[in-house]
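Participant: File protein_18.cif below, mmCIF, C-alpha atoms and all ligand atoms:
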```cif
data_entry
#
loop_
_atom_site.label_atom_id
_atom_site.label_comp_id
_atom_site.auth_asym_id
_atom_site.auth_seq_id
_atom_site.Cartn_x
_atom_site.Cartn_y
_atom_site.Cartn_z
CA MET A 1 -24.88 20.38 -12.31
CA LYS A 2 -24.42 23.91 -13.60
CA LEU A 3 -23.01 25.33 -16.78
CA PHE A 4 -21.34 28.76 -17.04
CA HIS A 5 -20.04 30.44 -20.16
CA HIS A 6 -16.91 32.55 -20.21
CA GLY A 7 -17.12 33.01 -23.98
CA ALA A 8 -18.87 31.88 -27.20
CA HIS A 9 -22.33 32.11 -25.65
CA GLN A 10 -23.52 35.34 -27.28
CA GLY A 11 -21.16 35.00 -30.24
CA VAL A 12 -18.87 32.63 -32.07
CA THR A 13 -15.43 33.32 -30.62
CA GLY A 14 -13.74 33.00 -27.23
CA SER A 15 -15.16 29.52 -26.52
CA CYS A 16 -14.88 28.72 -22.81
CA HIS A 17 -17.47 26.80 -20.79
CA GLN A 18 -17.36 25.73 -17.15
CA LEU A 19 -19.32 22.69 -16.00
CA SER A 20 -19.64 22.48 -12.23
CA TRP A 21 -21.27 19.96 -9.92
CA ASP A 22 -21.43 19.04 -6.26
CA ASP A 23 -22.76 22.54 -5.39
CA GLY A 24 -19.94 24.19 -7.25
CA ARG A 25 -17.18 22.42 -5.32
CA HIS A 26 -15.89 20.69 -8.46
CA SER A 27 -15.79 21.77 -12.06
CA LEU A 28 -14.08 21.35 -15.39
CA LEU A 29 -13.47 23.71 -18.28
CA VAL A 30 -14.22 23.02 -21.91
CA ASP A 31 -11.98 25.10 -24.22
CA CYS A 32 -10.29 28.40 -23.56
CA GLY A 33 -10.27 30.41 -26.78
CA ILE A 34 -9.59 34.00 -27.69
CA PHE A 35 -12.17 36.55 -28.80
CA GLN A 36 -11.77 37.70 -32.38
CA GLY A 37 -12.96 40.54 -34.63
CA ASP A 38 -15.75 42.74 -33.26
CA GLU A 39 -16.13 40.47 -30.20
CA ALA A 40 -12.54 41.17 -29.08
CA GLN A 41 -13.46 44.87 -28.64
CA LYS A 42 -16.50 44.02 -26.52
CA HIS A 43 -14.61 41.80 -24.10
CA GLY A 44 -11.62 44.00 -23.31
CA GLY A 45 -8.45 42.01 -22.76
CA PRO A 46 -7.95 38.27 -23.02
CA GLU A 47 -7.06 37.99 -19.32
CA ILE A 48 -8.86 35.31 -17.30
CA GLU A 49 -11.39 37.07 -15.08
CA PHE A 50 -13.11 34.09 -13.46
CA PRO A 51 -11.80 32.28 -10.36
CA LEU A 52 -10.03 28.98 -10.98
CA ASP A 53 -11.04 27.46 -7.61
CA GLY A 54 -12.34 23.93 -7.97
CA ILE A 55 -11.48 23.62 -11.69
CA GLN A 56 -9.84 20.21 -11.98
CA SER A 57 -9.24 19.81 -15.68
CA LEU A 58 -9.54 21.37 -19.12
CA LEU A 59 -11.07 19.51 -22.06
CA LEU A 60 -9.88 20.85 -25.41
CA THR A 61 -12.26 20.20 -28.31
CA HIS A 62 -9.81 21.32 -31.02
CA VAL A 63 -6.82 23.53 -31.71
CA HIS A 64 -8.42 26.48 -33.50
CA ILE A 65 -7.32 29.66 -31.79
CA ASP A 66 -10.88 30.65 -30.78
CA HIS A 67 -10.94 27.42 -28.74
CA CYS A 68 -7.42 27.26 -27.29
CA GLY A 69 -5.89 30.73 -27.70
CA ARG A 70 -6.43 31.90 -24.11
CA LEU A 71 -4.37 28.98 -22.78
CA PRO A 72 -1.31 31.20 -22.10
CA HIS A 73 -3.54 33.53 -20.06
CA LEU A 74 -5.15 30.62 -18.22
CA MET A 75 -1.73 29.35 -17.24
CA ALA A 76 -0.57 32.84 -16.31
CA ALA A 77 -3.60 32.95 -13.97
CA GLY A 78 -2.26 29.85 -12.22
CA PHE A 79 -3.93 26.94 -13.99
CA GLU A 80 -1.88 23.75 -13.49
CA GLN A 81 -4.45 21.01 -14.06
CA PRO A 82 -4.42 18.32 -16.78
CA ILE A 83 -5.49 19.26 -20.30
CA TYR A 84 -7.33 16.41 -22.07
CA CYS A 85 -7.59 16.21 -25.84
CA SER A 86 -7.32 13.77 -28.74
CA PRO A 87 -3.89 12.50 -29.87
CA PRO A 88 -3.90 14.62 -33.09
CA SER A 89 -4.83 17.76 -31.11
CA ALA A 90 -1.94 17.08 -28.72
CA LYS A 91 0.40 16.91 -31.69
CA LEU A 92 -0.93 20.06 -33.41
CA LEU A 93 -1.30 22.20 -30.27
CA PRO A 94 2.38 23.21 -29.80
CA LEU A 95 2.61 24.67 -33.32
CA VAL A 96 -0.68 26.55 -32.89
CA MET A 97 0.52 27.91 -29.53
CA GLU A 98 3.96 28.84 -30.87
CA ASP A 99 2.35 30.87 -33.65
CA ALA A 100 -0.15 32.53 -31.28
CA ILE A 101 2.53 33.48 -28.76
CA ARG A 102 4.85 34.82 -31.44
CA ILE A 103 2.06 37.07 -32.77
CA GLY A 104 0.51 38.13 -29.45
CA PHE A 105 3.18 37.95 -26.72
CA THR A 106 6.84 37.62 -27.48
CA ARG A 107 9.35 36.64 -30.12
CA SER A 108 11.79 35.41 -27.50
CA GLU A 109 12.53 31.79 -28.40
CA ARG A 110 13.52 31.10 -24.80
CA LEU A 111 10.16 32.24 -23.42
CA ILE A 112 8.25 30.43 -26.16
CA ASP A 113 10.14 27.20 -25.42
CA ARG A 114 9.50 27.57 -21.71
CA PHE A 115 5.78 28.04 -22.26
CA LEU A 116 5.58 25.09 -24.66
CA GLU A 117 7.33 22.89 -22.09
CA ALA A 118 4.82 23.97 -19.45
CA VAL A 119 1.90 23.12 -21.77
CA ASP A 120 3.47 19.80 -22.68
CA ALA A 121 3.63 18.87 -19.00
CA LEU A 122 -0.15 19.32 -18.67
CA VAL A 123 -1.40 17.79 -21.93
CA ARG A 124 -2.83 14.25 -21.70
CA PRO A 125 -3.82 12.82 -25.09
CA LEU A 126 -6.68 10.30 -24.81
CA ASP A 127 -7.79 7.78 -27.42
CA TYR A 128 -11.14 8.18 -29.13
CA HIS A 129 -14.13 5.87 -28.53
CA GLN A 130 -13.40 4.63 -25.00
CA TRP A 131 -14.26 5.88 -21.54
CA HIS A 132 -11.46 7.40 -19.45
CA ARG A 133 -11.65 8.24 -15.74
CA ILE A 134 -10.31 11.71 -14.91
CA GLU A 135 -10.12 14.03 -11.88
CA GLY A 136 -13.24 14.52 -9.74
CA ASP A 137 -14.52 10.97 -10.37
CA VAL A 138 -15.64 12.01 -13.84
CA GLU A 139 -15.57 9.83 -16.94
CA ILE A 140 -15.09 11.19 -20.44
CA ARG A 141 -15.28 9.72 -23.93
CA LEU A 142 -14.01 11.39 -27.12
CA ARG A 143 -15.55 11.11 -30.60
CA PRO A 144 -14.19 12.68 -33.81
CA ALA A 145 -16.10 15.86 -34.74
CA GLY A 146 -15.02 16.06 -38.40
CA HIS A 147 -14.23 19.80 -38.17
CA VAL A 148 -10.44 19.83 -38.25
CA LEU A 149 -7.95 17.02 -37.63
CA GLY A 150 -8.17 16.09 -33.94
CA SER A 151 -11.50 17.84 -33.35
CA THR A 152 -13.53 16.17 -30.65
CA ILE A 153 -17.05 15.76 -29.28
CA PHE A 154 -16.80 15.18 -25.51
CA GLU A 155 -19.22 12.98 -23.56
CA VAL A 156 -18.88 13.75 -19.86
CA ARG A 157 -20.36 11.44 -17.19
CA LEU A 158 -20.52 13.18 -13.82
CA PRO A 159 -20.29 11.27 -10.48
CA ASP A 160 -24.12 11.28 -10.13
CA GLY A 161 -24.39 9.54 -13.51
CA SER A 162 -25.69 12.52 -15.49
CA LEU A 163 -24.38 12.88 -19.01
CA VAL A 164 -23.30 16.14 -20.61
CA VAL A 165 -22.24 16.22 -24.26
CA PHE A 166 -20.14 19.08 -25.69
CA SER A 167 -20.32 19.09 -29.48
CA GLY A 168 -17.36 21.45 -29.93
CA ASP A 169 -17.31 22.65 -33.54
CA LEU A 170 -18.98 20.11 -35.82
CA GLY A 171 -17.79 19.39 -39.34
CA ALA A 172 -20.01 19.56 -42.41
CA GLY A 173 -18.96 16.12 -43.61
CA THR A 174 -17.34 17.67 -46.69
CA ASN A 175 -13.66 17.59 -45.72
CA PRO A 176 -12.06 14.86 -47.84
CA LEU A 177 -9.53 14.10 -45.12
CA LEU A 178 -12.00 13.69 -42.25
CA ASN A 179 -14.89 11.39 -41.48
CA PRO A 180 -18.17 13.18 -40.70
CA PRO A 181 -19.15 13.45 -37.03
CA THR A 182 -21.35 10.78 -35.44
CA SER A 183 -23.78 11.39 -32.57
CA PRO A 184 -23.33 9.92 -29.08
CA PRO A 185 -26.14 7.68 -27.80
CA ALA A 186 -27.58 9.96 -25.10
CA ALA A 187 -27.30 13.23 -23.17
CA ASP A 188 -29.05 14.83 -20.22
CA LEU A 189 -27.63 18.10 -21.54
CA LEU A 190 -26.30 18.67 -25.03
CA VAL A 191 -24.15 21.79 -25.46
CA LEU A 192 -24.42 22.37 -29.19
CA GLU A 193 -22.62 24.76 -31.53
CA SER A 194 -24.89 26.87 -33.77
CA THR A 195 -22.59 28.86 -36.08
CA TYR A 196 -24.74 28.15 -39.16
CA GLY A 197 -28.00 27.50 -37.33
CA ASP A 198 -29.89 29.65 -39.84
CA ARG A 199 -28.16 28.59 -43.05
CA LEU A 200 -27.86 25.74 -45.51
CA HIS A 201 -24.61 25.33 -47.43
CA PRO A 202 -24.91 25.05 -51.18
CA ARG A 203 -24.45 21.36 -51.90
CA SER A 204 -21.44 20.76 -54.08
CA ASP A 205 -21.79 17.32 -55.59
CA ASP A 206 -18.29 17.28 -56.91
CA ARG A 207 -15.79 19.51 -55.17
CA GLN A 208 -12.94 18.23 -57.28
CA ALA A 209 -14.69 19.01 -60.57
CA ALA A 210 -15.46 22.55 -59.39
CA LEU A 211 -11.86 23.12 -58.37
CA GLU A 212 -10.57 21.65 -61.62
CA SER A 213 -12.73 23.88 -63.81
CA ILE A 214 -11.55 27.01 -62.00
CA LEU A 215 -7.93 25.91 -62.34
CA ARG A 216 -8.34 25.12 -66.04
CA LYS A 217 -9.90 28.48 -66.76
CA THR A 218 -7.23 30.46 -65.04
CA LEU A 219 -4.40 28.46 -66.53
CA GLN A 220 -5.62 28.93 -70.04
CA ASP A 221 -5.02 32.67 -69.76
CA HIS A 222 -1.61 32.23 -68.10
CA GLY A 223 -2.66 34.13 -65.03
CA VAL A 224 -2.09 33.71 -61.35
CA THR A 225 -4.66 31.91 -59.23
CA ILE A 226 -4.59 33.11 -55.64
CA ILE A 227 -6.23 30.88 -53.04
CA PRO A 228 -6.38 32.54 -49.62
CA ALA A 229 -6.44 29.71 -47.09
CA PHE A 230 -5.81 29.18 -43.41
CA SER A 231 -2.68 27.17 -42.76
CA LEU A 232 -4.41 24.49 -40.70
CA GLY A 233 -7.14 22.38 -42.27
CA ARG A 234 -8.17 24.05 -45.52
CA THR A 235 -4.68 24.06 -47.05
CA GLN A 236 -4.34 20.31 -46.49
CA ALA A 237 -7.82 19.62 -47.92
CA LEU A 238 -6.92 21.62 -51.06
CA LEU A 239 -3.60 19.83 -51.49
CA TYR A 240 -5.37 16.52 -51.17
CA GLU A 241 -7.92 17.48 -53.87
CA MET A 242 -5.26 18.88 -56.20
CA ASN A 243 -3.21 15.72 -55.82
CA GLY A 244 -6.26 13.78 -56.97
CA ILE A 245 -6.75 16.09 -59.97
CA PHE A 246 -3.10 15.91 -61.06
CA GLU A 247 -2.90 12.13 -60.61
CA ARG A 248 -5.94 11.62 -62.76
CA LEU A 249 -4.76 13.95 -65.50
CA GLN A 250 -1.38 12.26 -65.55
CA SER A 251 -2.96 8.85 -65.93
CA GLU A 252 -5.12 10.24 -68.74
CA GLY A 253 -2.18 11.32 -70.89
CA GLY A 254 0.17 13.51 -68.93
CA GLN A 255 0.60 16.47 -71.27
CA SER A 256 -2.29 18.48 -69.94
CA LEU A 257 -2.27 22.15 -69.21
CA LEU A 258 -2.69 21.56 -65.50
CA HIS A 259 0.40 19.46 -65.36
CA ARG A 260 2.61 22.33 -66.50
CA VAL A 261 1.74 24.64 -63.64
CA ASP A 262 3.42 25.10 -60.30
CA VAL A 263 1.40 25.05 -57.09
CA LEU A 264 3.07 27.25 -54.50
CA ILE A 265 2.40 27.00 -50.78
CA ASP A 266 3.69 30.36 -49.65
CA SER A 267 3.42 29.82 -45.91
CA PRO A 268 6.12 28.15 -43.79
CA LEU A 269 3.46 27.56 -41.10
CA ALA A 270 1.14 25.77 -43.56
CA SER A 271 4.07 23.60 -44.65
CA ARG A 272 4.79 22.65 -41.04
CA PHE A 273 1.11 21.83 -40.41
CA THR A 274 1.07 19.76 -43.61
CA ALA A 275 4.04 17.73 -42.35
CA LEU A 276 2.19 17.08 -39.07
CA TYR A 277 -0.96 16.10 -41.01
CA ASP A 278 1.17 13.57 -42.87
CA ASP A 279 2.35 12.06 -39.58
CA LEU A 280 -1.27 11.68 -38.44
CA GLN A 281 -2.56 9.56 -41.33
CA ASP A 282 -4.07 7.06 -38.88
CA TYR A 283 -6.71 9.71 -38.08
CA TRP A 284 -7.66 10.52 -41.68
CA SER A 285 -10.98 9.60 -43.26
CA GLU A 286 -11.68 6.17 -44.70
CA GLU A 287 -11.64 7.68 -48.20
CA ALA A 288 -8.14 9.07 -47.65
CA GLN A 289 -6.95 5.85 -46.00
CA HIS A 290 -8.15 3.96 -49.05
CA LEU A 291 -6.28 6.29 -51.41
CA MET A 292 -3.07 5.75 -49.47
CA LYS A 293 -2.97 2.18 -50.68
CA THR A 294 -2.02 3.53 -54.10
CA ASP A 295 -0.43 6.87 -53.15
CA ASP A 296 1.38 6.99 -49.83
CA GLN A 297 1.83 10.80 -49.94
CA PRO A 298 -1.57 12.30 -50.78
CA LEU A 299 -0.43 15.81 -49.74
CA VAL A 300 2.65 15.88 -51.96
CA PHE A 301 2.82 16.05 -55.75
CA GLU A 302 5.49 16.71 -58.38
CA ASN A 303 4.64 20.33 -59.18
CA LEU A 304 4.20 21.42 -55.55
CA VAL A 305 6.68 24.08 -54.37
CA LYS A 306 7.07 25.17 -50.74
CA ILE A 307 8.19 28.76 -50.23
CA GLY A 308 10.36 29.42 -47.19
CA ASP A 309 11.57 32.71 -45.70
CA HIS A 310 10.59 36.24 -46.61
CA ASN A 311 13.36 36.67 -49.23
CA GLU A 312 12.16 33.58 -51.01
CA HIS A 313 8.63 35.00 -50.87
CA GLN A 314 9.77 38.28 -52.49
CA ASP A 315 11.77 36.40 -55.15
CA THR A 316 8.74 34.27 -55.94
CA LEU A 317 6.47 37.31 -56.33
CA ASN A 318 8.96 38.94 -58.69
CA TYR A 319 9.55 35.75 -60.62
CA ILE A 320 5.84 35.16 -61.28
CA ALA A 321 5.31 38.77 -62.33
CA ARG A 322 8.34 38.73 -64.63
CA THR A 323 7.90 35.38 -66.35
CA GLU A 324 4.12 35.58 -66.70
CA LEU A 325 3.93 31.83 -66.16
CA PRO A 326 0.69 30.44 -64.81
CA ALA A 327 0.87 29.73 -61.10
CA ILE A 328 -1.43 28.67 -58.30
CA VAL A 329 -0.62 30.23 -54.96
CA ILE A 330 -2.00 29.05 -51.63
CA ALA A 331 -1.23 31.58 -48.90
CA GLY A 332 -2.70 32.95 -45.66
CA SER A 333 -4.51 34.52 -44.14
CA GLY A 334 -7.76 32.94 -45.23
CA MET A 335 -9.71 36.23 -45.05
CA CYS A 336 -6.86 38.35 -46.49
CA THR A 337 -6.57 40.36 -43.25
CA GLY A 338 -2.79 39.92 -43.22
CA GLY A 339 -0.03 37.51 -44.16
CA ARG A 340 1.65 36.90 -47.48
CA VAL A 341 -1.57 36.62 -49.48
CA VAL A 342 -1.90 40.41 -49.15
CA ASN A 343 1.33 40.91 -51.14
CA TYR A 344 -0.02 38.74 -53.95
CA LEU A 345 -3.26 40.72 -54.00
CA LYS A 346 -1.40 44.05 -54.14
CA ARG A 347 0.67 42.80 -57.06
CA PHE A 348 -1.94 40.95 -59.13
CA LEU A 349 -5.41 42.37 -58.28
CA ASP A 350 -5.29 44.81 -61.18
CA ASP A 351 -4.65 42.08 -63.77
CA PRO A 352 -7.76 40.61 -65.48
CA ARG A 353 -5.92 37.29 -65.89
CA THR A 354 -5.82 36.86 -62.11
CA ASP A 355 -8.32 34.60 -60.37
CA ILE A 356 -9.01 34.66 -56.66
CA VAL A 357 -10.61 31.56 -55.24
CA PHE A 358 -12.25 31.66 -51.81
CA CYS A 359 -13.07 28.37 -50.16
CA GLY A 360 -13.99 29.53 -46.67
CA TYR A 361 -16.18 31.91 -44.68
CA GLN A 362 -15.29 35.61 -45.07
CA ALA A 363 -16.16 37.57 -41.93
CA SER A 364 -17.76 40.98 -42.14
CA GLY A 365 -15.35 43.85 -42.68
CA THR A 366 -12.47 41.73 -43.96
CA PRO A 367 -10.80 42.36 -47.36
CA GLY A 368 -11.93 38.84 -48.30
CA GLN A 369 -15.55 39.80 -47.86
CA VAL A 370 -15.10 43.04 -49.82
CA LEU A 371 -13.69 41.05 -52.76
CA GLN A 372 -16.38 38.40 -52.44
CA ARG A 373 -19.02 41.11 -52.81
CA GLY A 374 -17.58 42.11 -56.17
CA ALA A 375 -16.02 45.45 -55.21
CA HIS A 376 -14.02 47.29 -57.88
CA TRP A 377 -11.63 48.74 -55.36
CA LEU A 378 -9.95 47.25 -52.32
CA ARG A 379 -8.09 49.04 -49.56
CA LEU A 380 -4.98 47.22 -48.31
CA ASP A 381 -2.62 48.76 -45.74
CA GLY A 382 -4.22 52.16 -46.31
CA LYS A 383 -3.82 52.16 -50.10
CA LYS A 384 -6.53 51.66 -52.72
CA TYR A 385 -6.11 48.92 -55.31
CA HIS A 386 -8.17 48.50 -58.45
CA VAL A 387 -9.75 45.04 -58.79
CA ALA A 388 -9.70 43.58 -62.31
CA ALA A 389 -9.31 39.97 -61.14
CA ASP A 390 -12.06 37.38 -61.31
CA VAL A 391 -13.35 36.30 -57.90
CA HIS A 392 -14.75 32.80 -57.34
CA GLN A 393 -16.33 31.05 -54.41
CA LEU A 394 -15.66 27.34 -54.12
CA SER A 395 -18.39 25.65 -52.15
CA GLY A 396 -18.15 22.29 -50.49
CA TYR A 397 -15.28 23.14 -48.18
CA SER A 398 -17.13 24.56 -45.20
CA ALA A 399 -15.58 23.50 -41.91
CA HIS A 400 -18.89 23.91 -40.01
CA ALA A 401 -22.09 21.92 -40.02
CA ASP A 402 -25.07 23.80 -41.47
CA GLN A 403 -28.61 23.88 -40.08
CA ALA A 404 -29.56 20.52 -41.62
CA ASP A 405 -26.35 18.88 -40.33
CA LEU A 406 -26.95 20.25 -36.82
CA ILE A 407 -30.52 18.98 -36.71
CA GLU A 408 -29.41 15.61 -38.03
CA PHE A 409 -26.73 15.45 -35.35
CA VAL A 410 -29.44 15.90 -32.69
CA ASP A 411 -31.83 13.47 -34.41
CA GLN A 412 -29.18 10.76 -34.59
CA PHE A 413 -28.93 10.35 -30.80
CA GLU A 414 -30.31 6.91 -29.88
CA SER A 415 -32.41 8.53 -27.18
CA ALA A 416 -33.20 12.20 -27.62
CA PRO A 417 -31.10 14.68 -25.61
CA LYS A 418 -33.21 15.80 -22.62
CA ARG A 419 -32.08 19.43 -22.85
CA ILE A 420 -30.12 21.44 -25.39
CA ARG A 421 -28.04 24.54 -24.75
CA LEU A 422 -27.02 26.43 -27.88
CA VAL A 423 -23.59 28.08 -27.91
CA HIS A 424 -21.06 29.31 -30.47
CA GLY A 425 -23.55 31.27 -32.57
CA ASP A 426 -24.79 34.81 -33.14
CA TYR A 427 -28.31 35.68 -31.98
CA GLN A 428 -30.13 35.08 -35.29
CA PRO A 429 -28.63 31.64 -36.09
CA LYS A 430 -29.29 30.55 -32.50
CA ARG A 431 -32.86 31.79 -32.57
CA THR A 432 -33.62 30.10 -35.89
CA LEU A 433 -32.07 26.80 -34.83
CA ALA A 434 -33.82 26.92 -31.44
CA LYS A 435 -37.16 27.38 -33.20
CA LYS A 436 -36.52 24.42 -35.54
CA LEU A 437 -35.46 22.16 -32.67
CA THR A 438 -38.38 23.22 -30.47
CA GLU A 439 -40.81 22.48 -33.31
CA LYS A 440 -39.38 18.96 -33.43
CA GLY A 441 -40.12 18.54 -29.73
CA TYR A 442 -36.68 19.14 -28.25
CA GLN A 443 -36.27 21.23 -25.13
CA VAL A 444 -33.92 24.14 -25.79
CA ASP A 445 -32.66 26.43 -23.01
CA ASP A 446 -33.47 30.16 -23.19
CA PHE A 447 -30.63 32.44 -24.18
ZN ZN B 501 -13.07 25.59 -35.05
#
```
Now, as a test, write the supplied structure out as structure tokens.
Facilitator:
Amino acid sequence: MKLFHHGAHQGVTGSCHQLSWDDGRHSLLVDCGIFQGDEAQKHGGPEIEFPLDGIQSLLLTHVHIDHCGRLPHLMAAGFEQPIYCSPPSAKLLPLVMEDAIRIGFTRSERLIDRFLEAVDALVRPLDYHQWHRIEGDVEIRLRPAGHVLGSTIFEVRLPDGSLVVFSGDLGAGTNPLLNPPTSPPAADLLVLESTYGDRLHPRSDDRQAALESILRKTLQDHGVTIIPAFSLGRTQALLYEMNGIFERLQSEGGQSLLHRVDVLIDSPLASRFTALYDDLQDYWSEEAQHLMKTDDQPLVFENLVKIGDHNEHQDTLNYIARTELPAIVIAGSGMCTGGRVVNYLKRFLDDPRTDIVFCGYQASGTPGQVLQRGAHWLRLDGKKYHVAADVHQLSGYSAHADQADLIEFVDQFESAPKRIRLVHGDYQPKRTLAKKLTEKGYQVDDF
């Protein structure tokens, strides 16, 4: 058995691994994502440069763009084999693809529809927790990875009986809508992500209380709270938490400050993902399932407003500025590199009553990171804006396992993985994690 990497080996984006066996006559792919940020420059175009001979299937760990975004290019290169993924991923994938194609390829609805039909013909959703026989006499089993709805750990049993486990991206166990990942029993080779291999997340004992105190503070001064969030995953987790906060306040007396504020989701894409999340309640965490016994719509509440087209967006901006009513806005992109959140920043950054709440990782060089570092000025679309707003970081929402979670994931195998290959990490996190694992007696491949 041999493992090749066509991405996310020396970095965190462009995930694409090829597992081959039988002297290279057969192989399968795991993920086919795009390169992002600085890594996109290094890799040239997103075109598929490796031969597809012998590749019999594609396993998709989850629908983040750095794991599935090169799918159009893979199909353009002639790939016509089955794509295996979890049922929620199969449901979320078309919307992710539609958005990616509209941004990167074409706005032609006809071409988008044709591509989505072609993808649909290849996608084979498989249930979690049971073995399935696929092409090449291979068996696979899927386990939830707790990273985003539908995310999957793949166990792959090759014809000679050897077991390869692909962790995909592992959750941190802090998403209220998802169960934390659980380890498979065994692996001859474990292919493990290492994004935060050198870091420990601050432990937030009570995410809801932290969110509530930020909301209370900002609402007391009648300002605008801007929460930059990606449309898939984080937005739904925030809605779920806010629902809990509002429900509790209502039951405690109703006339609270928080109850008189509108929560705006200013992203048609986030609203569409939220509707899909609602349809997939069977795959939510036990905590969320339990809540649904008393509230059958945990992502919807009375004061939630969904903003539609661009005119509505402009009207909303003007309305908030004019009326000076407190408002909470959730809009993308999560790192403020584009999208409607930028318009809110331009309008409200200079107001000391404004609060900006980050709940996710801010990559280097992004406006989000500049704000997070406490800058007094921010450049947006070539123009400088003065920052008078308060900037907060909400911990407890990380989508990725930290060093302790990763080590625990390895430790929890019933019999220790015989070999570990670290992927999906920059050099330093990989090196630190490799050292920790080696000290514990695990065998980690060189990189
Ligand atoms: Zn991911």
Participant: Produce as a PyMOL selection string the set of residues near ligand ZN 501 (chain B), where near means within 10 Å with all atoms listed in the file considered.
Facilitator: chain A and resi 12-13+15+33+61-68+147-148+151+168-171+233+399-400+424
Participant: With distances taken over only C-alpha atoms, which of A:Ile153, A:Leu177, A:Leu378, A:Val224 is nearest to Tyr319 in chain A?
Facilitator: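 Of the candidates, the smallest distance to Tyr319 in chain A is held by A:Val224.
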Participant: Given all atoms listed in the file as the basis, pick out the residue of A:Pro202, A:Gln56, A:Val30, A:Glu155 nearest to Ala401 in chain A.
Facilitator: A:Pro202
Participant: Can you pull out the residues contacting Gln208 in chain A? Cut-off 8 Å, using only C-alpha atoms, and skip same-chain residues under 4 positions away; I want them as a PDB file with C-alpha atoms, keeping the file's coordinate frame.
Facilitator:
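In the end it all went to part04.pdb:
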```pdb
ATOM      1  CA  GLU A 212     -10.570  21.650 -61.620  1.00  0.00           C
ATOM      2  CA  GLU A 241      -7.920  17.480 -53.870  1.00  0.00           C
ATOM      3  CA  MET A 242      -5.260  18.880 -56.200  1.00  0.00           C
ATOM      4  CA  ILE A 245      -6.750  16.090 -59.970  1.00  0.00           C
TER       5      ILE A 245
END
```
Participant: Could you state the separation of CA of Val341 in chain A and CA of Pro228 in chain A in Å, given to one decimal place?
Facilitator: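 Answer for the CA of Val341 in chain A to CA of Pro228 in chain A separation: 6.3 Å.
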Participant: Any idea what's packed within 7 Å of Leu60 in chain A, counting all atoms listed in the file, ignoring anything in its chain fewer than 3 positions away? Could you give it as a list of chain:residue names?
Facilitator: A:Val30, A:Asp31, A:Ile83, A:Tyr84, A:Cys85
Participant: Would you mind telling me which residue in A:Arg373, A:Arg248, A:Arg421, A:Arg203 lies nearest to Tyr397 in chain A when using all atoms listed in the file?
Facilitator: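 Smallest separation from Tyr397 in chain A among the options: A:Arg203.
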Participant: Go through A:Asp278, A:Leu158, A:Ile103, A:Leu215 one by one, measure the shortest atom-to-atom distance of each to Lys2 in chain A using all atoms listed in the file, and give the residue with the smallest value.
Facilitator: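 Of A:Asp278, A:Leu158, A:Ile103, A:Leu215, the one nearest Lys2 in chain A, counting all atoms listed in the file, is A:Leu158.
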Participant: Need the shell around Ser86 in chain A: protein/DNA/RNA residues with any atom at most 7 Å away, counting all atoms listed in the file. Skip same-chain ones fewer than 4 positions apart. Format as number ranges by chain?
Facilitator: A: 90, 125-128, 150, 152
